[in-house]
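Have a look at data_12.txt; it's compact mmCIF, C-alpha atoms:
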# COMPACT_ATOMS: atom_id res chain seq x y z
CA MET A 177 169.83 26.74 80.35
CA ASP A 178 168.59 23.95 78.09
CA LEU A 179 168.77 24.54 74.34
CA THR A 180 166.66 21.44 73.73
CA ASP A 181 163.70 23.27 75.24
CA VAL A 182 163.33 25.84 72.42
CA PRO A 183 162.01 25.54 68.85
CA GLU A 184 164.39 24.06 66.29
CA SER A 185 164.54 27.38 64.47
CA ASP A 186 165.79 29.13 67.64
CA PHE A 187 169.25 27.66 67.11
CA LEU A 188 171.02 29.77 69.76
CA GLY A 189 168.17 29.79 72.25
CA PHE A 190 167.16 33.47 72.25
CA GLU A 191 163.83 32.52 73.81
CA LEU A 192 165.76 31.68 76.98
CA LEU A 193 166.39 35.42 77.45
CA LEU A 194 162.75 35.73 78.55
CA PRO A 195 161.59 35.13 82.13
CA ASP A 196 159.50 32.02 82.70
CA ALA A 197 156.17 33.88 82.68
CA ASP A 198 156.88 35.40 79.25
CA ARG A 199 158.08 32.07 77.89
CA GLU A 200 154.85 30.47 79.06
CA LEU A 201 152.83 33.16 77.29
CA MET A 202 154.89 32.68 74.13
CA ALA A 203 154.27 28.92 74.30
CA ARG A 204 150.52 29.53 74.53
CA VAL A 205 150.67 31.85 71.53
CA ARG A 206 152.65 29.24 69.57
CA GLU A 207 150.19 26.49 70.39
CA HIS A 208 147.20 28.69 69.50
CA MET A 209 148.70 29.71 66.18
CA THR A 210 149.67 26.15 65.30
CA THR A 211 146.43 24.44 66.29
CA THR A 212 143.84 27.14 65.55
CA VAL A 213 145.22 29.48 62.89
CA GLU A 214 147.48 27.38 60.68
CA PRO A 215 144.77 24.86 59.66
CA VAL A 216 142.47 27.59 58.32
CA ILE A 217 144.59 30.57 57.32
CA ASN A 218 145.24 29.52 53.72
CA GLU A 219 141.50 29.55 53.07
CA TYR A 220 141.15 33.09 54.40
CA TRP A 221 144.26 34.20 52.51
CA THR A 222 142.83 32.82 49.27
CA ARG A 223 139.48 34.56 49.79
CA ALA A 224 141.16 37.79 50.99
CA GLN A 225 139.01 37.73 54.12
CA PHE A 226 139.88 38.39 57.75
CA PRO A 227 139.15 35.58 60.26
CA HIS A 228 136.96 37.59 62.64
CA GLU A 229 135.78 34.46 64.47
CA LEU A 230 139.35 33.92 65.72
CA LEU A 231 139.43 37.22 67.62
CA PRO A 232 137.85 35.90 70.87
CA GLY A 233 140.61 33.31 71.14
CA PHE A 234 143.26 35.97 70.67
CA ALA A 235 141.55 38.19 73.24
CA GLN A 236 141.88 35.38 75.79
CA LEU A 237 145.63 35.25 75.20
CA GLY A 238 145.95 38.88 76.37
CA ILE A 239 148.62 39.93 73.87
CA ALA A 240 147.19 43.21 72.54
CA GLY A 241 149.55 46.04 73.48
CA VAL A 242 151.56 43.56 75.50
CA GLN A 243 154.50 45.91 76.10
CA PHE A 244 152.50 48.86 77.38
CA ASP A 245 152.08 49.54 81.08
CA GLY A 246 149.07 51.81 80.70
CA PRO A 247 145.59 51.18 82.14
CA GLY A 248 144.48 47.59 81.55
CA CYS A 249 147.62 46.70 79.59
CA PRO A 250 149.82 43.65 80.23
CA GLY A 251 152.96 45.70 80.91
CA ARG A 252 155.46 43.10 79.72
CA SER A 253 158.84 43.84 78.14
CA SER A 254 159.58 45.01 74.61
CA LEU A 255 161.57 41.80 74.19
CA ALA A 256 158.48 39.73 75.03
CA ASP A 257 156.36 41.85 72.70
CA GLY A 258 158.84 41.41 69.87
CA MET A 259 159.15 37.68 70.29
CA ILE A 260 155.36 37.33 70.36
CA SER A 261 155.17 39.33 67.09
CA MET A 262 157.75 36.95 65.65
CA GLU A 263 155.71 33.98 66.85
CA LEU A 264 152.54 35.31 65.22
CA ALA A 265 154.33 35.92 61.91
CA ARG A 266 155.96 32.50 62.09
CA THR A 267 152.50 31.05 61.36
CA ASP A 268 150.89 33.94 59.49
CA PRO A 269 152.19 37.45 58.73
CA SER A 270 148.62 38.73 58.19
CA ILE A 271 147.69 38.00 61.81
CA ALA A 272 150.96 39.53 62.97
CA THR A 273 150.18 42.65 60.91
CA PHE A 274 146.70 42.90 62.42
CA PHE A 275 148.25 42.95 65.89
CA GLY A 276 150.97 45.35 64.74
CA VAL A 277 148.28 47.81 63.68
CA HIS A 278 145.91 47.33 66.60
CA GLY A 279 148.26 46.60 69.49
CA GLY A 280 151.25 48.57 68.16
CA LEU A 281 150.32 51.58 66.04
CA ALA A 282 146.82 52.34 67.38
CA MET A 283 147.40 51.48 71.03
CA GLY A 284 150.89 52.97 70.81
CA SER A 285 149.45 56.28 69.62
CA VAL A 286 147.10 56.42 72.61
CA HIS A 287 149.77 55.23 75.04
CA LEU A 288 152.48 57.66 73.88
CA CYS A 289 150.40 60.65 72.82
CA GLY A 290 147.18 60.45 74.84
CA SER A 291 146.39 62.22 78.08
CA ASP A 292 145.87 60.24 81.29
CA GLU A 293 142.12 60.49 80.74
CA GLN A 294 142.40 59.30 77.14
CA ARG A 295 144.59 56.36 78.11
CA GLN A 296 142.06 55.38 80.76
CA ARG A 297 139.19 55.79 78.29
CA TRP A 298 140.58 53.69 75.46
CA LEU A 299 143.47 51.43 76.45
CA PRO A 300 141.64 48.90 78.69
CA ALA A 301 139.02 48.17 76.01
CA MET A 302 141.70 47.97 73.32
CA ALA A 303 143.83 45.63 75.44
CA SER A 304 140.84 43.33 75.96
CA MET A 305 140.06 43.67 72.24
CA ASP A 306 136.55 44.92 72.94
CA LEU A 307 137.62 47.87 70.79
CA ILE A 308 139.77 47.33 67.69
CA GLY A 309 142.05 50.10 66.47
CA ALA A 310 143.49 51.28 63.15
CA PHE A 311 146.15 53.84 62.25
CA GLY A 312 145.67 56.35 59.43
CA LEU A 313 148.91 58.01 58.30
CA THR A 314 149.81 57.01 54.72
CA GLU A 315 148.02 58.87 51.92
CA PRO A 316 147.43 58.10 48.23
CA ASP A 317 150.19 60.52 47.18
CA GLN A 318 152.34 60.39 50.31
CA GLY A 319 154.25 57.34 51.50
CA SER A 320 157.93 57.89 52.31
CA GLY A 321 157.47 61.67 52.09
CA VAL A 322 154.52 61.86 54.45
CA ALA A 323 156.42 63.79 57.14
CA GLY A 324 156.57 66.93 55.00
CA GLY A 325 153.82 66.24 52.51
CA LEU A 326 150.90 65.08 54.63
CA ALA A 327 147.83 66.65 53.03
CA THR A 328 144.92 65.59 55.25
CA SER A 329 143.80 68.75 57.01
CA ALA A 330 142.35 69.52 60.44
CA ARG A 331 140.51 72.79 61.05
CA ARG A 332 139.40 73.89 64.53
CA ASP A 333 135.72 74.77 64.76
CA GLY A 334 134.69 75.59 68.32
CA ASP A 335 134.86 72.44 70.44
CA HIS A 336 135.38 70.27 67.37
CA TRP A 337 137.87 69.70 64.59
CA VAL A 338 136.92 69.20 60.94
CA LEU A 339 138.99 66.63 59.03
CA ASP A 340 139.29 66.48 55.25
CA GLY A 341 141.47 64.27 53.08
CA GLU A 342 142.29 60.68 52.17
CA LYS A 343 144.31 57.87 53.71
CA LYS A 344 145.49 54.72 51.93
CA TRP A 345 146.73 51.25 52.90
CA ILE A 346 145.02 51.50 56.30
CA GLY A 347 144.93 48.05 57.87
CA ASN A 348 141.86 47.05 59.95
CA ALA A 349 140.09 50.17 58.66
CA THR A 350 136.91 48.49 57.43
CA PHE A 351 136.03 47.00 60.83
CA ALA A 352 137.97 49.08 63.40
CA ASP A 353 136.08 50.76 66.21
CA LEU A 354 138.67 53.52 66.56
CA ILE A 355 140.91 55.00 63.85
CA VAL A 356 143.83 57.25 64.72
CA ILE A 357 143.94 59.85 61.94
CA TRP A 358 146.98 62.07 61.50
CA ALA A 359 146.17 65.44 59.96
CA ARG A 360 147.83 68.82 59.50
CA ASP A 361 146.40 71.70 61.52
CA THR A 362 145.51 74.49 59.11
CA ALA A 363 146.28 77.08 61.80
CA ASP A 364 149.87 76.21 62.71
CA GLY A 365 150.86 73.68 60.02
CA GLN A 366 151.68 71.01 62.60
CA VAL A 367 150.64 67.35 62.34
CA LYS A 368 148.22 66.26 65.06
CA GLY A 369 146.48 63.00 65.96
CA PHE A 370 142.73 62.41 66.25
CA VAL A 371 140.78 59.35 67.37
CA VAL A 372 137.81 58.95 65.04
CA ASP A 373 134.96 56.66 66.07
CA LYS A 374 133.53 54.01 63.78
CA GLY A 375 130.56 55.32 61.81
CA ALA A 376 131.57 58.98 61.98
CA GLU A 377 129.58 61.04 59.49
CA GLY A 378 131.62 61.93 56.42
CA MET A 379 134.05 59.01 56.76
CA SER A 380 133.87 56.32 54.08
CA PHE A 381 136.00 53.32 53.09
CA GLU A 382 137.01 51.57 49.91
CA LEU A 383 138.50 48.12 50.43
CA GLN A 384 141.75 47.61 48.50
CA ARG A 385 141.40 44.52 46.36
CA ASP A 386 143.65 42.27 44.30
CA LYS A 387 146.62 42.39 46.70
CA ILE A 388 149.24 39.69 46.24
CA ALA A 389 150.47 39.94 49.85
CA LEU A 390 148.88 39.94 53.31
CA ARG A 391 145.60 39.12 51.68
CA ALA A 392 143.81 38.48 54.97
CA VAL A 393 144.59 42.02 56.14
CA GLN A 394 141.74 44.37 55.34
CA ASN A 395 143.49 47.44 53.93
CA ALA A 396 141.32 50.33 52.82
CA THR A 397 141.36 53.83 51.45
CA ILE A 398 139.65 56.18 53.91
CA ARG A 399 137.93 59.31 52.66
CA LEU A 400 137.31 62.11 55.14
CA ASP A 401 134.78 64.68 54.01
CA GLY A 402 134.08 67.22 56.73
CA VAL A 403 134.40 64.65 59.53
CA ARG A 404 133.80 66.34 62.88
CA VAL A 405 135.89 65.16 65.83
CA ALA A 406 135.44 66.47 69.36
CA GLU A 407 138.41 68.24 70.96
CA GLU A 408 138.38 65.53 73.65
CA ASN A 409 139.29 63.03 70.90
CA ARG A 410 142.38 64.95 69.83
CA LEU A 411 145.43 63.16 71.21
CA ALA A 412 146.68 65.66 73.78
CA GLY A 413 150.36 64.82 73.34
CA ALA A 414 150.43 64.72 69.53
CA ASN A 415 151.46 68.21 68.49
CA SER A 416 153.92 67.66 65.63
CA PHE A 417 155.21 64.92 63.32
CA ALA A 418 157.94 64.30 65.89
CA ASP A 419 155.22 62.75 68.06
CA THR A 420 154.05 60.61 65.15
CA ALA A 421 157.67 59.51 64.70
CA ARG A 422 157.79 58.35 68.33
CA VAL A 423 155.03 55.88 67.54
CA LEU A 424 156.75 54.74 64.35
CA ARG A 425 160.04 54.21 66.16
CA LEU A 426 158.23 51.96 68.60
CA THR A 427 156.58 49.86 65.90
CA ARG A 428 159.39 49.80 63.32
CA ALA A 429 161.31 47.43 65.58
CA GLY A 430 158.16 45.29 65.69
CA VAL A 431 158.20 45.02 61.90
CA ALA A 432 161.77 43.71 62.07
CA TRP A 433 160.50 41.02 64.45
CA MET A 434 157.66 40.21 62.02
CA ALA A 435 160.15 39.87 59.18
CA THR A 436 162.18 37.49 61.33
CA GLY A 437 159.05 35.47 62.09
CA CYS A 438 158.10 35.30 58.40
CA ALA A 439 161.59 34.00 57.59
CA ARG A 440 161.45 31.56 60.49
CA GLY A 441 158.10 30.14 59.38
CA ALA A 442 159.33 29.61 55.81
CA TYR A 443 162.51 27.95 57.09
CA GLU A 444 160.61 25.58 59.38
CA HIS A 445 158.25 24.48 56.62
CA ALA A 446 161.18 23.97 54.26
CA LEU A 447 163.12 21.98 56.84
CA ARG A 448 160.12 19.76 57.52
CA TYR A 449 159.54 19.25 53.81
CA THR A 450 163.12 18.14 53.16
CA GLY A 451 162.74 15.34 55.67
CA GLU A 452 159.57 14.06 54.00
CA ARG A 453 160.27 14.62 50.31
CA GLU A 454 162.20 11.83 48.63
CA GLN A 455 164.08 11.90 45.33
CA PHE A 456 166.54 9.36 43.97
CA GLY A 457 165.54 6.96 46.71
CA ARG A 458 166.17 9.09 49.80
CA PRO A 459 165.00 12.27 51.58
CA ILE A 460 166.30 15.43 49.96
CA ALA A 461 167.47 16.59 53.41
CA GLY A 462 170.52 14.39 52.78
CA PHE A 463 171.63 16.30 49.68
CA GLN A 464 174.49 18.76 50.00
CA LEU A 465 172.87 21.57 48.01
CA VAL A 466 169.70 21.34 50.09
CA GLN A 467 171.65 21.45 53.35
CA ASP A 468 173.53 24.51 52.06
CA LEU A 469 170.25 26.37 51.53
CA LEU A 470 168.90 25.28 54.92
CA VAL A 471 172.01 26.52 56.71
CA ARG A 472 171.86 29.84 54.84
CA MET A 473 168.25 30.25 55.93
CA LEU A 474 169.06 29.37 59.53
CA GLY A 475 171.93 31.86 59.52
CA ASN A 476 169.62 34.63 58.35
CA VAL A 477 166.98 33.78 60.93
CA THR A 478 169.53 33.61 63.73
CA ALA A 479 171.29 36.87 62.80
CA SER A 480 167.95 38.68 62.47
CA THR A 481 166.77 37.37 65.84
CA ALA A 482 169.98 38.57 67.47
CA MET A 483 169.62 42.07 66.04
CA CYS A 484 165.96 42.29 67.02
CA ALA A 485 166.66 41.05 70.54
CA ARG A 486 169.29 43.72 71.07
CA VAL A 487 167.01 46.43 69.70
CA SER A 488 164.28 45.33 72.11
CA GLN A 489 166.74 45.43 75.00
CA LEU A 490 167.63 49.01 74.04
CA GLN A 491 163.92 49.81 73.89
CA ASP A 492 163.39 48.38 77.36
CA ALA A 493 166.31 50.51 78.60
CA ASP A 494 164.68 53.58 76.98
CA VAL A 495 167.76 54.34 74.87
CA LEU A 496 166.48 53.15 71.47
CA ARG A 497 167.10 55.67 68.69
CA ASP A 498 165.50 55.95 65.24
CA GLU A 499 168.62 54.62 63.53
CA HIS A 500 168.64 51.50 65.71
CA ALA A 501 165.09 50.55 64.71
CA SER A 502 165.78 51.50 61.09
CA LEU A 503 168.87 49.30 60.85
CA ALA A 504 166.90 46.34 62.20
CA LYS A 505 163.99 46.94 59.84
CA ALA A 506 166.24 47.31 56.78
CA PHE A 507 168.49 44.35 57.61
CA CYS A 508 165.84 41.88 58.71
CA THR A 509 163.51 42.49 55.77
CA VAL A 510 166.32 41.92 53.27
CA ARG A 511 167.33 38.70 55.04
CA MET A 512 163.66 37.69 55.13
CA ARG A 513 163.35 38.12 51.37
CA GLU A 514 166.40 35.93 50.82
CA THR A 515 165.16 33.28 53.23
CA VAL A 516 161.66 32.86 51.86
CA GLY A 517 163.12 32.68 48.35
CA TRP A 518 165.48 29.90 49.37
CA ALA A 519 162.63 28.07 51.11
CA ARG A 520 160.59 28.20 47.93
CA GLU A 521 163.66 26.93 46.03
CA VAL A 522 163.99 23.95 48.36
CA LEU A 523 160.38 22.97 47.67
CA GLY A 524 160.78 23.15 43.89
CA GLY A 525 157.46 23.26 42.07
CA ASN A 526 155.58 22.49 45.30
CA GLY A 527 156.78 25.83 46.63
CA ILE A 528 154.02 27.68 44.80
CA LEU A 529 151.23 25.55 46.33
CA LEU A 530 149.51 27.02 49.36
CA GLU A 531 149.14 23.58 50.94
CA HIS A 532 152.87 23.75 51.74
CA HIS A 533 152.53 27.30 53.18
CA VAL A 534 155.88 28.55 51.87
CA GLY A 535 154.30 30.32 48.88
CA ARG A 536 152.19 32.42 51.27
CA PHE A 537 155.32 33.52 53.13
CA VAL A 538 157.00 34.41 49.82
CA ALA A 539 154.08 36.65 48.86
CA ASP A 540 153.57 38.18 52.31
CA ALA A 541 157.26 39.03 52.59
CA GLU A 542 156.82 41.62 49.83
CA ALA A 543 154.47 43.69 51.97
CA ILE A 544 156.63 43.47 55.10
CA TYR A 545 159.62 44.52 53.00
CA SER A 546 157.88 47.81 52.11
CA TYR A 547 155.69 48.97 54.99
CA GLU A 548 156.87 51.01 58.00
CA GLY A 549 159.55 52.60 55.84
CA THR A 550 161.17 51.12 52.74
CA ARG A 551 164.69 49.71 52.85
CA GLU A 552 165.95 52.83 51.10
CA ILE A 553 164.38 55.26 53.60
CA ASN A 554 165.62 53.26 56.59
CA THR A 555 169.06 53.11 55.01
CA LEU A 556 169.11 56.91 54.76
CA ILE A 557 168.12 57.23 58.43
CA VAL A 558 171.03 55.02 59.44
CA GLY A 559 173.33 56.69 56.94
CA ARG A 560 172.60 60.12 58.40
CA ALA A 561 173.36 58.80 61.89
CA ILE A 562 176.74 57.30 61.00
CA THR A 563 177.99 60.06 58.68
CA GLY A 564 176.37 63.13 60.21
CA MET A 565 175.05 64.09 56.77
CA GLY A 566 171.50 63.79 55.50
CA ALA A 567 171.10 62.43 51.98
CA PHE A 568 167.32 62.46 51.68
CA VAL A 569 167.23 65.01 48.86
Represent the structure from my file as structure tokens, please.
Amino acid sequence: MDLTDVPESDFLGFELLLPDADRELMARVREHMTTTVEPVINEYWTRAQFPHELLPGFAQLGIAGVQFDGPGCPGRSSLADGMISMELARTDPSIATFFGVHGGLAMGSVHLCGSDEQRQRWLPAMASMDLIGAFGLTEPDQGSGVAGGLATSARRDGDHWVLDGEKKWIGNATFADLIVIWARDTADGQVKGFVVDKGAEGMSFELQRDKIALRAVQNATIRLDGVRVAEENRLAGANSFADTARVLRLTRAGVAWMATGCARGAYEHALRYTGEREQFGRPIAGFQLVQDLLVRMLGNVTASTAMCARVSQLQDADVLRDEHASLAKAFCTVRMRETVGWAREVLGGNGILLEHHVGRFVADAEAIYSYEGTREINTLIVGRAITGMGAFV
């Protein structure tokens, strides 16, 4: 074990928990993000555009759905998947979110809820990124309360289903080839999952503009007006919201990893800046107050990494519960918010300039803090587990 062989932000060497093959993959991801994405991402963030021309390079890395062992999938560990998500977010949370939607939520829905035939039909092309996926759950009037209030309807009509309703905040929606739509069956009142192909008649999109966070992510409102979906495109194992929750449990831990990566990226930029920025005749890294903030940031990053690593180990052992993922998501996003704020403080006025990157992390942290369950909702999930009493209403 050699702690000099890990990034400076991995103070306790968590990366050494990975086998050599996974560490090599993580190193390739880090190099790709640093050399290919970081030089251009501010421009895309400013224009609120997605860097489509970067997708072939990501496809060559083979990291879509990395933890799944289904047809065509890499079949690596949840720990490797989480650390790769952290590595993506360390350079850019928008790219990490794209993969969280495509390789986590969309592929996860097919992997967990699809039949053998459906997994064979979709997963290989999604893993190779020949098909890009999106995940349609949140609605204009239903965020935290979507489990009981989901309004998008599905009506059986012979060998097809007819979908009506709206979805909001759907990442990748404007260019995805496949969109997993969750809708309530009008016959039995249960929530079911449907894979809707790009260009389906009656499905339209409105790009959400003027976001202050994750600006490269293409979120959209989806309108479904009598969209017909063949029975063969209904996810065979998605028969209630409990099945939807299985997917969310899988990806909520991934959001905790993204939050940790966002914090880590801000810390690294701040640390680098303090060694270069001089005031009063010497680098500000030598000032006590600056070192105090740097150590606070490193403590947050290290504690968050430890929690995420343990959650991933539980996931690999197939004993992860909702409250485990919720605690990680709630804790890590709060620590992320603190860390990016301290990083911006270290940079002073330069902290709001995109050229120093930290300002982008500050803005993007606000989206990560809220999606995949707010801090309050995740707190209630954990609270119910430790007290035995639900306090949701």
All residues 12 Å or closer to Arg297 in chain A, only C-alpha atoms, same chain fewer than 5 positions away omitted, as a VMD selection string: chain A and resid 246 to 248 283 286 to 287 290 to 292 302 to 303 307 354 371 408 to 409 411
For those residues, write C-alpha atoms to a file as a CSV table (one decimal), in the frame of the given file.
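As written to disk, selection03.csv reads:
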chain,number,residue,atom,x,y,z
A,246,GLY,CA,149.1,51.8,80.7
A,247,PRO,CA,145.6,51.2,82.1
A,248,GLY,CA,144.5,47.6,81.6
A,283,MET,CA,147.4,51.5,71.0
A,286,VAL,CA,147.1,56.4,72.6
A,287,HIS,CA,149.8,55.2,75.0
A,290,GLY,CA,147.2,60.4,74.8
A,291,SER,CA,146.4,62.2,78.1
A,292,ASP,CA,145.9,60.2,81.3
A,302,MET,CA,141.7,48.0,73.3
A,303,ALA,CA,143.8,45.6,75.4
A,307,LEU,CA,137.6,47.9,70.8
A,354,LEU,CA,138.7,53.5,66.6
A,371,VAL,CA,140.8,59.4,67.4
A,408,GLU,CA,138.4,65.5,73.6
A,409,ASN,CA,139.3,63.0,70.9
A,411,LEU,CA,145.4,63.2,71.2
Exercise: Val558 in chain A partners within 9 Å, only C-alpha atoms, chain neighbours under 2 positions left out, as a PyMOL selection string: chain A and resi 498-500+502-503+553-556+560-563
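Of the listed residues (A:Ala224, A:Ala352, A:Ala482, A:Met565), A:Ala224 comes nearest to Arg391 in chain A; the distances count only C-alpha atoms.
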Nearest residue to Thr362 in chain A from the set A:Leu470, A:Ala406, A:Leu326, A:Ile260 (distances using all atoms listed in the file): A:Leu326
Near-Thr210 in chain A list (12 Å; all atoms listed in the file; drop same-chain fewer than 4 positions) as number ranges by chain: A: 203-206, 214-217, 263-268, 441
Atomic separation - CA of His228 in chain A relative to CA of Gly535 in chain A, Å: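 Straight-line distance from CA of Gly535 in chain A to CA of His228 in chain A works out to 23.3 Å.
Distances here use only C-alpha atoms; by that measure, the residue among A:Ile557, A:Leu447, A:Val510, A:Val495 closest to Glu184 in chain A is A:Leu447.
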Within 6 Å of Val367 in chain A using all atoms listed in the file, minus same-chain residues under 3 positions, as a list in words: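 Listed by chain and then number, they are Ala359, Arg360, Ser416 and Phe417 of chain A.
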Within 10 Å of Thr273 in chain A, counting only C-alpha atoms, which residues show up once you throw out same-chain ones fewer than 4 positions away? Write them as a PDB file with C-alpha atoms, in the coordinates of the input, please.
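The new file selection.pdb reads:
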ATOM      1  CA  SER A 261     155.170  39.330  67.090  1.00  0.00           C
ATOM      2  CA  LEU A 264     152.540  35.310  65.220  1.00  0.00           C
ATOM      3  CA  ALA A 265     154.330  35.920  61.910  1.00  0.00           C
ATOM      4  CA  ASP A 268     150.890  33.940  59.490  1.00  0.00           C
ATOM      5  CA  PRO A 269     152.190  37.450  58.730  1.00  0.00           C
ATOM      6  CA  VAL A 277     148.280  47.810  63.680  1.00  0.00           C
ATOM      7  CA  HIS A 278     145.910  47.330  66.600  1.00  0.00           C
ATOM      8  CA  GLY A 279     148.260  46.600  69.490  1.00  0.00           C
ATOM      9  CA  GLY A 280     151.250  48.570  68.160  1.00  0.00           C
ATOM     10  CA  GLY A 347     144.930  48.050  57.870  1.00  0.00           C
ATOM     11  CA  ASN A 348     141.860  47.050  59.950  1.00  0.00           C
ATOM     12  CA  LEU A 390     148.880  39.940  53.310  1.00  0.00           C
ATOM     13  CA  ALA A 392     143.810  38.480  54.970  1.00  0.00           C
ATOM     14  CA  VAL A 393     144.590  42.020  56.140  1.00  0.00           C
ATOM     15  CA  GLY A 430     158.160  45.290  65.690  1.00  0.00           C
ATOM     16  CA  VAL A 431     158.200  45.020  61.900  1.00  0.00           C
ATOM     17  CA  MET A 434     157.660  40.210  62.020  1.00  0.00           C
ATOM     18  CA  ALA A 543     154.470  43.690  51.970  1.00  0.00           C
ATOM     19  CA  ILE A 544     156.630  43.470  55.100  1.00  0.00           C
TER      20      ILE A 544
END
Nearest residue to Gln294 in chain A from the set A:Ala506, A:Ala412, A:Ile388, A:Met259 (distances using all atoms listed in the file):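 For Gln294 in chain A, the nearest of the candidates is A:Ala412.
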Proximity to Ala493 in chain A - best of A:Leu179, A:Ala442, A:Ile355, A:Leu255, all atoms listed in the file: A:Leu255
Shortest interatomic distance to Gly378 in chain A - which of A:Glu407, A:Asp340, A:Glu207, A:Asp353, counting all atoms listed in the file: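 Of A:Glu407, A:Asp340, A:Glu207, A:Asp353, the one nearest Gly378 in chain A is A:Asp340, counting all atoms listed in the file.
What separates CA of Leu193 in chain A from CA of Pro250 in chain A is a distance of 18.7 Å.
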Answer as a ChimeraX atom specification, residues within 12 Å of (171.2, 24.8, 47.8) using only C-alpha atoms: /A:446,450,460-473,515,517-524
Using only C-alpha atoms, what does the table of range 378-470 of chain A residues within 10 Å of range 311-317 of chain A look like, with each row giving the shortest atom pair and its distance in Å to one decimal, sorted by chain and ascending number, as a tab-separated table?
residue	atom	partner	partner_atom	distance
A:Ala396	CA	A:Gly312	CA	9.9
A:Thr397	CA	A:Pro316	CA	8.1
A:Ile398	CA	A:Gly312	CA	8.2
A:Thr420	CA	A:Leu313	CA	8.9
CA of Pro232 in chain A to CA of Met305 in chain A, distance in Å rounded to a single decimal: 8.2 Å
Around all the atoms of range 435-440 of chain A listed in the file, draw an axis-aligned box and extend it by 8 Å on each of the six sides; I want its centre and edge lengths in Å to one decimal, as JSON.
{"center_x": 160.1, "center_y": 35.7, "center_z": 59.8, "size_x": 20.1, "size_y": 24.3, "size_z": 20.5}
For C-alpha atoms, please extract range 477-523 of chain A from the block and return it as a PDB file, in the first residue's frame.
ATOM      1  CA  VAL A 477     -14.147  15.249   1.448  1.00  0.00           C
ATOM      2  CA  THR A 478     -12.513  12.463   3.429  1.00  0.00           C
ATOM      3  CA  ALA A 479     -15.526  11.814   5.674  1.00  0.00           C
ATOM      4  CA  SER A 480     -17.873  11.795   2.668  1.00  0.00           C
ATOM      5  CA  THR A 481     -15.627   9.384   0.776  1.00  0.00           C
ATOM      6  CA  ALA A 482     -15.562   7.043   3.759  1.00  0.00           C
ATOM      7  CA  MET A 483     -19.347   7.002   4.050  1.00  0.00           C
ATOM      8  CA  CYS A 484     -19.809   6.474   0.320  1.00  0.00           C
ATOM      9  CA  ALA A 485     -17.252   3.670   0.242  1.00  0.00           C
ATOM     10  CA  ARG A 486     -19.039   1.812   3.019  1.00  0.00           C
ATOM     11  CA  VAL A 487     -22.413   2.267   1.336  1.00  0.00           C
ATOM     12  CA  SER A 488     -20.974   0.839  -1.893  1.00  0.00           C
ATOM     13  CA  GLN A 489     -19.567  -2.130   0.008  1.00  0.00           C
ATOM     14  CA  LEU A 490     -23.033  -2.779   1.450  1.00  0.00           C
ATOM     15  CA  GLN A 491     -24.462  -2.512  -2.055  1.00  0.00           C
ATOM     16  CA  ASP A 492     -21.951  -5.044  -3.351  1.00  0.00           C
ATOM     17  CA  ALA A 493     -22.935  -7.367  -0.484  1.00  0.00           C
ATOM     18  CA  ASP A 494     -26.620  -6.905  -1.443  1.00  0.00           C
ATOM     19  CA  VAL A 495     -27.571  -5.655   2.029  1.00  0.00           C
ATOM     20  CA  LEU A 496     -27.971  -1.936   1.251  1.00  0.00           C
ATOM     21  CA  ARG A 497     -31.200  -0.472   2.624  1.00  0.00           C
ATOM     22  CA  ASP A 498     -33.014   2.748   1.713  1.00  0.00           C
ATOM     23  CA  GLU A 499     -31.903   4.458   4.919  1.00  0.00           C
ATOM     24  CA  HIS A 500     -28.241   3.697   4.196  1.00  0.00           C
ATOM     25  CA  ALA A 501     -28.357   5.410   0.804  1.00  0.00           C
ATOM     26  CA  SER A 502     -30.452   8.253   2.219  1.00  0.00           C
ATOM     27  CA  LEU A 503     -27.998   8.967   5.043  1.00  0.00           C
ATOM     28  CA  ALA A 504     -25.140   9.151   2.545  1.00  0.00           C
ATOM     29  CA  LYS A 505     -27.063  11.415   0.192  1.00  0.00           C
ATOM     30  CA  ALA A 506     -28.159  13.777   2.972  1.00  0.00           C
ATOM     31  CA  PHE A 507     -24.761  13.920   4.699  1.00  0.00           C
ATOM     32  CA  CYS A 508     -22.554  14.213   1.629  1.00  0.00           C
ATOM     33  CA  THR A 509     -24.606  16.930  -0.056  1.00  0.00           C
ATOM     34  CA  VAL A 510     -24.538  19.096   3.077  1.00  0.00           C
ATOM     35  CA  ARG A 511     -20.769  18.632   3.394  1.00  0.00           C
ATOM     36  CA  MET A 512     -20.440  19.395  -0.329  1.00  0.00           C
ATOM     37  CA  ARG A 513     -22.290  22.682   0.088  1.00  0.00           C
ATOM     38  CA  GLU A 514     -19.970  23.681   2.919  1.00  0.00           C
ATOM     39  CA  THR A 515     -16.869  22.687   0.988  1.00  0.00           C
ATOM     40  CA  VAL A 516     -17.602  24.521  -2.240  1.00  0.00           C
ATOM     41  CA  GLY A 517     -18.489  27.610  -0.207  1.00  0.00           C
ATOM     42  CA  TRP A 518     -15.170  27.492   1.605  1.00  0.00           C
ATOM     43  CA  ALA A 519     -13.345  26.972  -1.693  1.00  0.00           C
ATOM     44  CA  ARG A 520     -14.996  30.065  -3.103  1.00  0.00           C
ATOM     45  CA  GLU A 521     -14.019  31.928   0.095  1.00  0.00           C
ATOM     46  CA  VAL A 522     -10.376  30.944  -0.331  1.00  0.00           C
ATOM     47  CA  LEU A 523     -10.359  32.397  -3.846  1.00  0.00           C
TER      48      LEU A 523
END
